[in-house]
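*Asks:* You'll find model-v7.cif just under this line, and it carries mmCIF, C-alpha atoms.
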```cif
data_protein
loop_
_atom_site.label_atom_id
_atom_site.label_comp_id
_atom_site.auth_asym_id
_atom_site.auth_seq_id
_atom_site.Cartn_x
_atom_site.Cartn_y
_atom_site.Cartn_z
CA MET A 1 -16.67 -53.29 -21.15
CA SER A 2 -13.36 -53.53 -19.46
CA ASP A 3 -10.41 -53.09 -21.75
CA VAL A 4 -9.58 -56.74 -21.10
CA VAL A 5 -12.24 -59.43 -21.45
CA VAL A 6 -11.47 -63.03 -20.52
CA ALA A 7 -14.05 -64.87 -22.58
CA ARG A 8 -15.47 -68.04 -21.01
CA SER A 9 -17.51 -69.11 -24.03
CA LEU A 10 -17.47 -68.68 -27.80
CA ASP A 11 -20.58 -66.49 -27.57
CA GLU A 12 -18.88 -64.26 -25.03
CA ALA A 13 -15.81 -63.93 -27.25
CA ARG A 14 -18.01 -63.14 -30.27
CA GLY A 15 -19.96 -60.59 -28.26
CA ALA A 16 -16.82 -58.85 -27.03
CA LEU A 17 -15.46 -58.73 -30.59
CA ALA A 18 -18.76 -57.40 -31.89
CA ASP A 19 -18.54 -54.59 -29.31
CA HIS A 20 -14.94 -53.85 -30.25
CA PRO A 21 -14.10 -55.17 -33.73
CA ASP A 22 -10.64 -53.60 -33.37
CA ALA A 23 -9.92 -55.61 -30.20
CA THR A 24 -6.81 -57.77 -30.18
CA VAL A 25 -7.53 -61.47 -29.76
CA LEU A 26 -5.11 -63.05 -27.31
CA ALA A 27 -4.66 -66.82 -27.18
CA GLY A 28 -1.46 -68.28 -25.66
CA GLY A 29 0.45 -65.01 -25.78
CA THR A 30 3.67 -66.52 -27.12
CA ASP A 31 3.76 -64.14 -30.10
CA LEU A 32 1.55 -61.21 -29.07
CA MET A 33 3.03 -60.71 -25.60
CA VAL A 34 6.53 -60.48 -27.07
CA GLU A 35 5.35 -57.49 -29.12
CA ILE A 36 3.50 -55.97 -26.16
CA ASN A 37 6.50 -56.42 -23.85
CA ARG A 38 8.76 -54.71 -26.37
CA GLY A 39 6.33 -51.83 -26.73
CA LEU A 40 5.81 -52.62 -30.42
CA ARG A 41 2.10 -53.14 -29.97
CA ARG A 42 -0.34 -51.44 -27.62
CA PRO A 43 -3.85 -52.84 -27.95
CA SER A 44 -6.82 -50.67 -27.01
CA HIS A 45 -8.88 -53.72 -26.11
CA VAL A 46 -7.98 -57.37 -25.57
CA VAL A 47 -10.24 -60.40 -25.80
CA GLY A 48 -8.57 -63.38 -24.14
CA VAL A 49 -9.71 -66.66 -25.68
CA ALA A 50 -7.43 -69.16 -23.92
CA GLN A 51 -10.27 -70.20 -21.62
CA VAL A 52 -13.00 -70.62 -24.23
CA PRO A 53 -14.00 -74.29 -23.90
CA GLU A 54 -15.33 -74.58 -27.47
CA LEU A 55 -11.93 -73.60 -28.84
CA ARG A 56 -10.16 -76.27 -26.77
CA LEU A 57 -12.04 -79.11 -28.48
CA TRP A 58 -10.58 -81.54 -30.97
CA SER A 59 -12.04 -84.63 -32.58
CA VAL A 60 -10.95 -87.51 -34.76
CA ALA A 61 -13.14 -89.22 -37.36
CA ASP A 62 -12.24 -91.95 -39.87
CA ASP A 63 -11.18 -89.51 -42.54
CA ARG A 64 -11.05 -86.19 -40.73
CA VAL A 65 -9.28 -84.50 -37.83
CA THR A 66 -10.70 -81.30 -36.34
CA VAL A 67 -8.56 -79.20 -34.03
CA GLY A 68 -9.91 -76.17 -32.15
CA GLY A 69 -8.06 -72.89 -32.32
CA GLY A 70 -7.32 -73.02 -28.59
CA VAL A 71 -5.66 -76.45 -28.66
CA THR A 72 -2.07 -76.10 -27.42
CA TYR A 73 1.09 -77.56 -28.91
CA THR A 74 1.38 -79.78 -25.83
CA GLU A 75 -2.09 -81.17 -26.54
CA MET A 76 -1.21 -81.74 -30.22
CA MET A 77 1.76 -83.85 -29.06
CA THR A 78 -0.44 -86.01 -26.85
CA THR A 79 -2.22 -89.19 -27.89
CA PRO A 80 -4.75 -89.88 -29.31
CA LEU A 81 -4.67 -86.61 -31.26
CA ALA A 82 -0.97 -87.15 -32.00
CA ASP A 83 -1.76 -90.58 -33.51
CA ALA A 84 -4.44 -89.12 -35.78
CA ALA A 85 -2.31 -86.23 -37.03
CA PRO A 86 1.32 -87.32 -36.55
CA ALA A 87 2.84 -84.53 -38.64
CA LEU A 88 0.98 -81.98 -36.52
CA ALA A 89 2.42 -83.63 -33.40
CA GLN A 90 5.91 -83.60 -34.91
CA ALA A 91 5.59 -79.92 -35.77
CA ALA A 92 4.23 -79.06 -32.32
CA ARG A 93 7.13 -80.92 -30.73
CA THR A 94 9.64 -78.62 -32.48
CA VAL A 95 8.07 -75.41 -31.18
CA GLY A 96 9.88 -73.59 -28.34
CA SER A 97 10.14 -75.27 -24.96
CA PRO A 98 7.64 -77.05 -22.69
CA PRO A 99 6.22 -73.82 -21.19
CA ILE A 100 5.88 -72.31 -24.66
CA ARG A 101 4.15 -75.44 -25.93
CA ASN A 102 1.82 -75.35 -22.90
CA ALA A 103 0.66 -71.87 -23.90
CA GLY A 104 0.91 -71.58 -27.69
CA THR A 105 -2.08 -72.67 -29.75
CA LEU A 106 -3.00 -73.71 -33.28
CA GLY A 107 -5.19 -70.63 -33.60
CA GLY A 108 -2.33 -68.44 -32.47
CA ASN A 109 0.01 -69.97 -35.04
CA LEU A 110 -2.64 -69.27 -37.71
CA GLY A 111 -3.37 -65.76 -36.47
CA THR A 112 0.30 -64.79 -36.41
CA ALA A 113 0.60 -66.21 -39.94
CA SER A 114 4.38 -66.21 -39.92
CA PRO A 115 5.94 -68.16 -42.81
CA ALA A 116 7.89 -69.93 -40.03
CA GLY A 117 4.73 -71.03 -38.18
CA ASP A 118 5.48 -74.72 -37.82
CA THR A 119 1.93 -76.05 -37.93
CA LEU A 120 1.13 -74.21 -41.16
CA PRO A 121 2.91 -76.54 -43.63
CA VAL A 122 1.19 -79.45 -41.93
CA LEU A 123 -2.21 -77.82 -42.33
CA ALA A 124 -1.45 -77.11 -45.99
CA ALA A 125 -0.32 -80.70 -46.65
CA LEU A 126 -3.46 -82.02 -44.95
CA ASN A 127 -5.74 -79.83 -47.10
CA ALA A 128 -6.96 -78.03 -44.00
CA GLN A 129 -10.02 -75.83 -44.03
CA ILE A 130 -9.75 -72.93 -41.60
CA VAL A 131 -13.07 -72.08 -39.95
CA VAL A 132 -13.59 -68.57 -38.60
CA VAL A 133 -16.63 -66.93 -37.06
CA GLY A 134 -17.59 -63.28 -37.00
CA PRO A 135 -20.45 -60.82 -37.17
CA ASP A 136 -21.62 -62.32 -40.47
CA GLY A 137 -21.48 -65.90 -39.26
CA GLU A 138 -19.07 -68.67 -40.15
CA ARG A 139 -16.62 -68.71 -43.05
CA ARG A 140 -14.31 -71.52 -44.09
CA MET A 141 -11.33 -71.37 -46.38
CA ALA A 142 -8.19 -73.20 -47.44
CA LEU A 143 -4.93 -72.16 -45.80
CA ASP A 144 -3.87 -70.41 -49.01
CA ASP A 145 -6.89 -68.13 -48.72
CA PHE A 146 -6.32 -67.55 -45.02
CA VAL A 147 -2.61 -66.71 -45.01
CA VAL A 148 -2.32 -63.98 -47.63
CA GLY A 149 1.19 -62.69 -46.92
CA VAL A 150 3.93 -62.48 -44.34
CA LYS A 151 2.04 -62.21 -41.04
CA ARG A 152 -1.10 -61.23 -42.98
CA THR A 153 -4.40 -63.08 -42.88
CA SER A 154 -7.77 -62.59 -44.52
CA LEU A 155 -9.46 -62.34 -41.11
CA ARG A 156 -11.98 -59.50 -41.08
CA PRO A 157 -12.56 -57.18 -38.13
CA GLY A 158 -14.49 -58.96 -35.41
CA GLU A 159 -13.63 -62.43 -36.70
CA LEU A 160 -12.17 -65.22 -34.60
CA ILE A 161 -10.35 -68.42 -35.61
CA VAL A 162 -12.47 -71.32 -34.40
CA ARG A 163 -10.89 -74.50 -35.75
CA ALA A 164 -9.01 -76.24 -38.53
CA GLU A 165 -10.48 -79.29 -40.23
CA MET A 166 -7.91 -81.51 -41.92
CA ASP A 167 -7.68 -84.76 -43.84
CA ARG A 168 -6.71 -87.96 -42.11
CA PRO A 169 -5.13 -89.87 -45.01
CA THR A 170 -3.99 -93.47 -44.89
CA GLY A 171 -0.24 -93.19 -45.10
CA ARG A 172 2.71 -91.81 -43.26
CA GLN A 173 3.16 -88.17 -42.41
CA GLU A 174 6.41 -86.32 -41.81
CA PHE A 175 7.29 -82.87 -40.53
CA LEU A 176 10.96 -81.88 -40.69
CA LYS A 177 12.62 -78.59 -39.95
CA ILE A 178 16.05 -77.02 -39.92
CA GLY A 179 17.34 -74.66 -37.24
CA PRO A 180 20.62 -73.92 -35.51
CA ARG A 181 19.96 -76.47 -32.74
CA ASN A 182 17.26 -78.86 -31.55
CA ALA A 183 15.59 -76.84 -28.79
CA MET A 184 13.96 -73.42 -28.86
CA VAL A 185 14.38 -72.93 -32.57
CA ILE A 186 12.44 -70.91 -35.10
CA SER A 187 12.48 -72.64 -38.48
CA MET A 188 15.04 -71.67 -41.12
CA ALA A 189 13.24 -74.13 -43.36
CA GLY A 190 10.38 -76.52 -42.67
CA LEU A 191 8.52 -79.15 -44.64
CA ALA A 192 5.46 -81.34 -44.19
CA LEU A 193 4.89 -84.38 -46.38
CA VAL A 194 1.86 -86.63 -46.35
CA ALA A 195 1.29 -89.90 -48.20
CA ASP A 196 -2.33 -90.55 -49.16
CA HIS A 197 -2.56 -94.17 -50.31
CA ASP A 198 -6.29 -94.05 -51.09
CA ALA A 199 -5.89 -91.05 -53.38
CA ARG A 200 -2.47 -92.26 -54.57
CA ALA A 201 -1.18 -88.80 -53.85
CA VAL A 202 1.75 -87.19 -52.11
CA ARG A 203 1.20 -83.75 -50.60
CA CYS A 204 4.08 -81.53 -49.58
CA ALA A 205 4.09 -77.97 -48.18
CA LEU A 206 6.92 -75.66 -47.17
CA GLY A 207 7.57 -73.30 -44.27
CA ALA A 208 9.95 -70.36 -43.82
CA VAL A 209 10.99 -70.37 -47.48
CA ALA A 210 8.38 -68.07 -49.06
CA ALA A 211 5.99 -65.29 -48.17
CA GLY A 212 3.23 -67.85 -47.76
CA ILE A 213 3.09 -71.60 -47.24
CA PRO A 214 3.57 -73.02 -50.76
CA ARG A 215 2.51 -76.49 -51.80
CA ALA A 216 4.98 -78.19 -54.13
CA ARG A 217 2.22 -79.24 -56.49
CA ASP A 218 4.34 -79.97 -59.57
CA ALA A 219 6.68 -82.14 -57.53
CA GLU A 220 3.70 -83.86 -55.87
CA ALA A 221 2.18 -84.80 -59.22
CA TRP A 222 5.56 -85.88 -60.63
CA VAL A 223 6.39 -88.19 -57.75
CA ALA A 224 2.89 -89.70 -57.45
CA GLU A 225 3.47 -91.37 -60.84
CA ARG A 226 6.76 -92.86 -59.61
CA ILE A 227 5.51 -94.46 -56.39
CA ASP A 228 4.84 -98.18 -56.40
CA TRP A 229 1.41 -97.80 -54.81
CA ASP A 230 0.38 -101.43 -55.41
CA ASN A 231 3.38 -103.28 -54.02
CA GLY A 232 4.65 -100.78 -51.46
CA ALA A 233 8.24 -100.92 -52.65
CA GLY A 234 10.48 -98.19 -51.28
CA VAL A 235 11.27 -95.09 -53.27
CA ASP A 236 14.21 -95.22 -55.66
CA ASP A 237 17.12 -93.01 -54.51
CA ALA A 238 17.27 -91.17 -57.82
CA VAL A 239 13.53 -90.45 -57.66
CA ALA A 240 13.86 -89.16 -54.09
CA ALA A 241 16.75 -86.90 -55.07
CA GLU A 242 14.93 -85.54 -58.10
CA PHE A 243 11.83 -85.01 -55.96
CA GLY A 244 13.95 -82.92 -53.58
CA GLN A 245 15.08 -80.67 -56.41
CA ARG A 246 11.54 -80.30 -57.71
CA VAL A 247 10.21 -79.43 -54.26
CA ALA A 248 12.98 -76.86 -53.79
CA ALA A 249 11.84 -75.25 -57.03
CA ALA A 250 8.52 -74.45 -55.31
CA SER A 251 10.32 -72.41 -52.64
CA ALA A 252 11.01 -68.69 -52.95
CA PRO A 253 13.36 -68.04 -50.05
CA ILE A 254 15.10 -64.82 -49.03
CA ASP A 255 18.25 -63.90 -47.14
CA ASP A 256 17.45 -62.70 -43.63
CA HIS A 257 18.80 -62.76 -40.08
CA ARG A 258 18.09 -66.47 -39.71
CA SER A 259 19.55 -67.89 -42.90
CA THR A 260 20.29 -67.36 -46.57
CA ALA A 261 18.13 -68.05 -49.58
CA ALA A 262 20.72 -70.47 -50.98
CA TYR A 263 20.94 -72.50 -47.81
CA ARG A 264 17.18 -72.59 -47.41
CA ARG A 265 16.70 -73.87 -50.96
CA HIS A 266 19.34 -76.53 -50.36
CA ALA A 267 17.78 -77.48 -47.03
CA ILE A 268 14.33 -77.89 -48.56
CA ALA A 269 15.71 -80.31 -51.16
CA VAL A 270 17.38 -82.38 -48.43
CA LEU A 271 14.24 -82.36 -46.25
CA ALA A 272 11.98 -83.32 -49.16
CA THR A 273 14.19 -86.25 -50.15
CA ARG A 274 14.42 -87.42 -46.54
CA ALA A 275 10.69 -87.05 -45.88
CA LEU A 276 9.76 -88.97 -49.04
CA LYS A 277 12.10 -91.85 -48.20
CA ARG A 278 10.71 -92.04 -44.69
CA ALA A 279 7.11 -91.85 -45.85
CA PHE A 280 7.62 -94.74 -48.28
CA ALA A 281 10.18 -96.74 -46.36
CA GLN A 282 9.63 -100.49 -46.46
CA GLY A 283 8.79 -102.16 -43.17
CA GLY A 284 9.09 -100.04 -40.08
CA SER A 285 10.90 -96.80 -39.71
CA SER A 286 13.74 -95.61 -41.84
CA ASP A 287 16.73 -93.63 -40.66
CA ALA A 288 17.20 -92.24 -44.14
CA MET B 1 -7.51 -49.59 -18.36
CA PRO B 2 -8.62 -53.08 -17.25
CA ASP B 3 -11.19 -53.23 -14.48
CA PRO B 4 -9.68 -54.08 -11.08
CA TYR B 5 -9.10 -57.81 -10.86
CA SER B 6 -7.93 -60.38 -8.36
CA LEU B 7 -5.00 -62.76 -8.77
CA ARG B 8 -4.74 -65.86 -6.60
CA VAL B 9 -1.01 -66.23 -5.95
CA ASN B 10 0.34 -69.00 -3.71
CA GLY B 11 -3.12 -69.38 -2.20
CA VAL B 12 -3.58 -65.68 -1.41
CA ASP B 13 -6.03 -63.41 -3.22
CA CYS B 14 -4.30 -60.22 -4.35
CA GLU B 15 -6.23 -57.24 -5.69
CA VAL B 16 -4.78 -55.45 -8.70
CA ALA B 17 -6.22 -52.00 -9.39
CA ASP B 18 -5.21 -49.06 -11.57
CA SER B 19 -3.26 -51.35 -13.83
CA ASP B 20 -2.14 -50.76 -17.40
CA ILE B 21 -3.51 -52.91 -20.22
CA ALA B 22 -0.02 -54.00 -21.27
CA GLU B 23 1.11 -55.43 -17.91
CA SER B 24 2.40 -58.99 -18.00
CA LEU B 25 1.88 -61.36 -15.10
CA LEU B 26 5.65 -61.19 -14.55
CA PHE B 27 5.47 -57.42 -14.14
CA VAL B 28 2.57 -57.59 -11.71
CA LEU B 29 4.15 -60.33 -9.60
CA ARG B 30 7.38 -58.38 -9.22
CA GLU B 31 6.41 -54.72 -9.31
CA ARG B 32 2.93 -54.73 -7.77
CA LEU B 33 2.96 -57.75 -5.48
CA GLY B 34 6.63 -57.66 -4.47
CA LEU B 35 7.22 -61.32 -5.40
CA THR B 36 10.70 -60.88 -6.84
CA GLY B 37 11.59 -64.59 -6.83
CA THR B 38 10.21 -64.77 -10.35
CA LYS B 39 12.97 -63.30 -12.49
CA ASN B 40 12.74 -60.86 -15.37
CA ALA B 41 15.23 -61.56 -18.12
CA CYS B 42 14.24 -61.90 -21.78
CA THR B 43 10.50 -61.08 -21.69
CA GLU B 44 10.04 -63.11 -24.86
CA GLY B 45 9.76 -66.71 -23.66
CA GLU B 46 13.33 -67.67 -24.53
CA CYS B 47 14.80 -68.15 -21.04
CA SER B 48 12.11 -69.42 -18.60
CA SER B 49 13.56 -67.33 -15.75
CA CYS B 50 9.99 -66.19 -15.13
CA ALA B 51 8.39 -69.65 -15.06
CA VAL B 52 5.37 -70.10 -12.81
CA LEU B 53 2.59 -72.67 -12.55
CA ILE B 54 -0.86 -71.49 -13.64
CA ASP B 55 -3.56 -73.98 -12.66
CA GLY B 56 -0.68 -76.42 -12.42
CA VAL B 57 0.63 -75.74 -15.94
CA LEU B 58 4.23 -74.60 -16.41
CA THR B 59 4.06 -71.18 -18.06
CA CYS B 60 6.34 -68.23 -18.82
CA SER B 61 4.73 -65.43 -16.79
CA CYS B 62 6.19 -62.79 -19.15
CA LEU B 63 3.90 -64.13 -21.89
CA VAL B 64 0.71 -63.93 -19.83
CA LEU B 65 -1.32 -60.73 -19.93
CA SER B 66 -1.86 -60.30 -16.21
CA ALA B 67 -5.54 -59.41 -16.30
CA THR B 68 -6.29 -62.64 -18.17
CA ALA B 69 -4.91 -64.69 -15.25
CA ALA B 70 -7.65 -63.49 -12.91
CA GLY B 71 -9.31 -66.41 -11.17
CA GLN B 72 -6.55 -68.88 -11.96
CA ASP B 73 -4.31 -70.50 -9.35
CA ILE B 74 -0.81 -69.09 -9.69
CA THR B 75 2.15 -70.71 -7.95
CA THR B 76 5.48 -68.89 -7.92
CA VAL B 77 8.81 -70.12 -6.61
CA GLU B 78 7.90 -68.52 -3.27
CA GLY B 79 4.94 -70.90 -2.99
CA LEU B 80 6.88 -74.17 -3.42
CA GLY B 81 8.77 -74.48 -0.14
CA ASP B 82 7.76 -76.95 2.54
CA GLY B 83 10.66 -78.92 4.05
CA ARG B 84 14.01 -78.00 5.63
CA ASP B 85 14.22 -74.26 6.30
CA GLY B 86 11.04 -73.89 4.28
CA LEU B 87 12.73 -75.35 1.22
CA SER B 88 11.17 -77.92 -1.07
CA VAL B 89 12.94 -81.18 -1.89
CA VAL B 90 13.93 -79.66 -5.24
CA GLN B 91 15.33 -76.51 -3.63
CA GLU B 92 17.29 -78.58 -1.09
CA ALA B 93 18.76 -80.67 -3.89
CA PHE B 94 19.90 -77.53 -5.75
CA VAL B 95 21.63 -76.34 -2.57
CA ASP B 96 23.18 -79.72 -1.79
CA GLU B 97 24.48 -80.27 -5.33
CA GLY B 98 25.81 -76.74 -5.73
CA ALA B 99 23.54 -76.26 -8.72
CA VAL B 100 23.39 -72.51 -8.15
CA GLN B 101 26.04 -70.13 -9.41
CA CYS B 102 24.85 -66.57 -10.01
CA GLY B 103 21.36 -67.79 -9.16
CA PHE B 104 19.38 -65.77 -11.64
CA CYS B 105 18.00 -68.75 -13.57
CA THR B 106 17.46 -70.82 -10.41
CA PRO B 107 13.84 -69.87 -9.58
CA GLY B 108 12.69 -70.72 -13.09
CA LEU B 109 14.58 -74.01 -12.96
CA ILE B 110 13.11 -74.86 -9.57
CA VAL B 111 9.58 -74.32 -10.88
CA ALA B 112 10.30 -76.34 -14.03
CA VAL B 113 11.80 -79.23 -12.04
CA HIS B 114 8.78 -79.25 -9.72
CA ASP B 115 6.59 -79.50 -12.81
CA LEU B 116 8.70 -82.32 -14.26
CA LEU B 117 8.75 -84.39 -11.07
CA GLU B 118 4.99 -83.97 -10.56
CA ALA B 119 4.44 -85.62 -13.93
CA ASN B 120 7.37 -88.04 -13.95
CA ALA B 121 8.79 -89.40 -10.70
CA ASP B 122 11.69 -91.20 -12.39
CA PRO B 123 12.77 -89.13 -15.38
CA SER B 124 15.49 -90.33 -17.71
CA ASP B 125 18.39 -88.05 -18.56
CA GLY B 126 16.64 -87.27 -21.83
CA ASP B 127 13.40 -86.46 -20.05
CA VAL B 128 15.24 -84.02 -17.79
CA ARG B 129 17.08 -82.32 -20.65
CA GLU B 130 13.85 -82.01 -22.61
CA ALA B 131 11.92 -80.64 -19.62
CA LEU B 132 14.58 -77.99 -18.99
CA SER B 133 15.29 -77.21 -22.65
CA GLY B 134 13.71 -73.78 -22.27
CA ASN B 135 15.63 -72.80 -19.12
CA LEU B 136 18.77 -70.88 -19.94
CA CYS B 137 21.70 -70.90 -17.49
CA ARG B 138 24.79 -68.98 -18.52
CA CYS B 139 27.01 -69.99 -15.56
CA THR B 140 26.90 -73.63 -14.62
CA GLY B 141 27.13 -75.60 -17.84
CA TYR B 142 24.07 -77.47 -16.51
CA GLY B 143 26.00 -80.46 -15.10
CA ARG B 144 25.23 -79.73 -11.47
CA ILE B 145 21.67 -78.78 -12.35
CA LEU B 146 21.12 -82.20 -13.92
CA ALA B 147 22.70 -83.80 -10.83
CA ALA B 148 20.35 -81.81 -8.61
CA VAL B 149 17.32 -83.04 -10.57
CA ASN B 150 18.43 -86.65 -10.07
CA THR B 151 19.00 -86.03 -6.37
CA ALA B 152 15.61 -84.37 -6.04
CA ALA B 153 13.89 -87.20 -7.90
CA GLU B 154 15.52 -89.80 -5.64
CA ALA B 155 14.64 -87.82 -2.52
CA LYS B 156 11.07 -87.41 -3.68
CA ARG B 157 10.71 -91.12 -4.45
CA SER B 158 12.00 -92.06 -0.99
CA GLN B 159 9.50 -89.79 0.73
CA PRO B 160 6.75 -91.67 2.61
#
```
Can you turn what I pasted into structure tokens?
*Replies:*
Amino acid sequence: MSDVVVARSLDEARGALADHPDATVLAGGTDLMVEINRGLRRPSHVVGVAQVPELRLWSVADDRVTVGGGVTYTEMMTTPLADAAPALAQAARTVGSPPIRNAGTLGGNLGTASPAGDTLPVLAALNAQIVVVGPDGERRMALDDFVVGVKRTSLRPGELIVRAEMDRPTGRQEFLKIGPRNAMVISMAGLALVADHDARAVRCALGAVAAGIPRARDAEAWVAERIDWDNGAGVDDAVAAEFGQRVAAASAPIDDHRSTAAYRRHAIAVLATRALKRAFAQGGSSDA
Amino acid sequence: MPDPYSLRVNGVDCEVADSDIAESLLFVLRERLGLTGTKNACTEGECSSCAVLIDGVLTCSCLVLSATAAGQDITTVEGLGDGRDGLSVVQEAFVDEGAVQCGFCTPGLIVAVHDLLEANADPSDGDVREALSGNLCRCTGYGRILAAVNTAAEAKRSQP
């Protein structure tokens, strides 16, 4: 085969990867091409998957949203997908610029597996199952089992990210992130929060503040008992503040070129408090 | 080495042979095809100086592996002109408003503004700022660029 295969179907992509399990899978190029341009990476073989129709599919059911690995950030921001997974749309909207969002994909964000990948906290908060396909067939796993370290995944040679299947809970969703400005920013801290009124649960996951994408499970359980699920009253300020502190305790940030551990921990507490107040605001939107 | 492939650039089929696996579309446009209107600056998607349209989608050509663009319709800044002196309405507006200083970011901005006005004939100030949020200009302070977009949008709307 040529050193570069532009796959036009999932079978073709699988075949090319079976022939060359060490091939580099290229989706939108927004991460990989930066490394190639800098000479940090030199693939022996490339399988381009941006034009695989099966990976471009998404679907919305009553309780489930399925997003193909080739779906772009621009598509995630567009209705009706954006209405079904609003936190995913919010996260996509904060990535790069329009041309970056036209190219970058959900599968690429997963494959890069950066702690600062903005869709990853959303997937964690929505209990996403990541579906991959390879020589041994299909595997599915939770995000925690897919992202196993900084820019490390449990993908095996020859495997390809096909789609993510996520919950579609009844309740508001928020994605918030901190960076030095509004445009073209890589997260210093990010947070997704989802209210699930049927399960009477709050789910909250963190980006750019740990090696992985931690869920703030203790804080989730603590706050679920302090929400007025029956009457829909807003969240008490003291509860929201305490929730912020408890969520921050689930972070494990470091000092690096983008921010400091102390600021990141502080930022997560602020974002968690803000997201909770928005998610449980009474009547319409809150500017809390 | 990739097999020889063909790129369709501004309506012309261009053969690319003996290429290296790591060549970006930006590299091939400039160094192999001589289309130097598309500018090479950051090569990491931060500046949009290299913006082109691929099948009508605004894209940073530095982030496209060239061989994967085979068979797609690529439009560079050289392919946009039509009106006065071969300039598009957007290019004319940039000239008329003095929206060009050193000029290095201009081709990327021209392509991005074409993309914006294709989708939105009457963009708000916020729409314009959002559409150009990835285009870095280090000279102008953007004021005259924003004026040029408004002028181009008006001119485009008044076209028959």
*Asks:* Could you state the separation of CA of Ala18 (chain A) and CA of His45 (chain A) in Å, given to one decimal place?
*Replies:*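 Answer for the CA of Ala18 (chain A) to CA of His45 (chain A) separation: 12.0 Å.
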*Asks:* For the file shown, what are the residues hit by the PyMOL selection byres ((chain B) within 7 of (chain A)), laid out as a ChimeraX atom specification?
*Replies:* /B:1-3,22,43-45,58-60,63-64,67-68,131,133-134
*Asks:* Please measure the separation of CA of Lys156 (chain B) and CA of Ala121 (chain B), giving the value in Å to one decimal.
*Replies:*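 Taking CA of Lys156 (chain B) and CA of Ala121 (chain B), their separation equals 7.6 Å.
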*Asks:* Identify, on the basis of only C-alpha atoms, every residue whose closest approach to region 222-231 of chain A does not exceed 9 Å; exclude the query and any residue fewer than 6 positions from it along the same chain; express the result as a list in words.
*Replies:* His197, Arg200, Ala201, Val202, Val239, Ala240, Glu242, Phe243, Arg246 and Phe280 of chain A
*Asks:* Written as a list in words, what is the full residue list that the PyMOL selection byres ((chain B and resi 101) around 7) yields on the file shown?
*Replies:*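 Expected selection for the PyMOL selection byres ((chain B and resi 101) around 7) here is Ala99, Val100, Cys102, Gly103, Cys139 and Thr140 of chain B.
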*Asks:* Let me see the file: selected residues, C-alpha atoms, as a PDB file, keeping the file's coordinate frame.
*Replies:*
```
ATOM      1  CA  ALA B  99      23.540 -76.260  -8.720  1.00  0.00           C
ATOM      2  CA  VAL B 100      23.390 -72.510  -8.150  1.00  0.00           C
ATOM      3  CA  CYS B 102      24.850 -66.570 -10.010  1.00  0.00           C
ATOM      4  CA  GLY B 103      21.360 -67.790  -9.160  1.00  0.00           C
ATOM      5  CA  CYS B 139      27.010 -69.990 -15.560  1.00  0.00           C
ATOM      6  CA  THR B 140      26.900 -73.630 -14.620  1.00  0.00           C
TER       7      THR B 140
END
```
*Asks:* Name the closest residue to Asp55 (chain B) among the candidates B:Glu154, B:Glu118, B:Asp73, B:Asp18; distances are taken between atoms, counting all atoms listed in the file.
*Replies:*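 Counting all atoms listed in the file, the residue closest to Asp55 (chain B) is B:Asp73.
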*Asks:* Step by step: locate region 5-15 of chain A in the block above, keep N, CA and C atoms, then write the file as a compact mmCIF listing (two decimals), in the first residue's frame.
*Replies:*
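This is the output file decode19.txt:
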```txt
# COMPACT_ATOMS: atom_id res chain seq x y z
N VAL A 5 -2.86 6.27 3.15
CA VAL A 5 -4.14 5.76 2.68
C VAL A 5 -5.23 6.72 3.14
N VAL A 6 -6.04 7.17 2.21
CA VAL A 6 -7.21 7.98 2.57
C VAL A 6 -8.41 7.04 2.55
N ALA A 7 -8.81 6.59 3.72
CA ALA A 7 -9.87 5.59 3.80
C ALA A 7 -11.21 6.23 3.46
N ARG A 8 -12.00 5.52 2.66
CA ARG A 8 -13.33 6.02 2.27
C ARG A 8 -14.44 5.23 2.94
N SER A 9 -14.07 4.23 3.73
CA SER A 9 -15.08 3.47 4.47
C SER A 9 -14.40 2.90 5.72
N LEU A 10 -15.22 2.49 6.69
CA LEU A 10 -14.68 1.93 7.91
C LEU A 10 -13.91 0.64 7.60
N ASP A 11 -14.45 -0.16 6.68
CA ASP A 11 -13.75 -1.40 6.30
C ASP A 11 -12.39 -1.10 5.70
N GLU A 12 -12.32 -0.06 4.88
CA GLU A 12 -11.05 0.28 4.26
C GLU A 12 -10.04 0.74 5.33
N ALA A 13 -10.53 1.53 6.28
CA ALA A 13 -9.64 1.98 7.37
C ALA A 13 -9.16 0.79 8.18
N ARG A 14 -10.10 -0.13 8.50
CA ARG A 14 -9.71 -1.33 9.27
C ARG A 14 -8.71 -2.17 8.50
N GLY A 15 -8.93 -2.30 7.20
CA GLY A 15 -8.02 -3.10 6.38
C GLY A 15 -6.63 -2.49 6.36
```
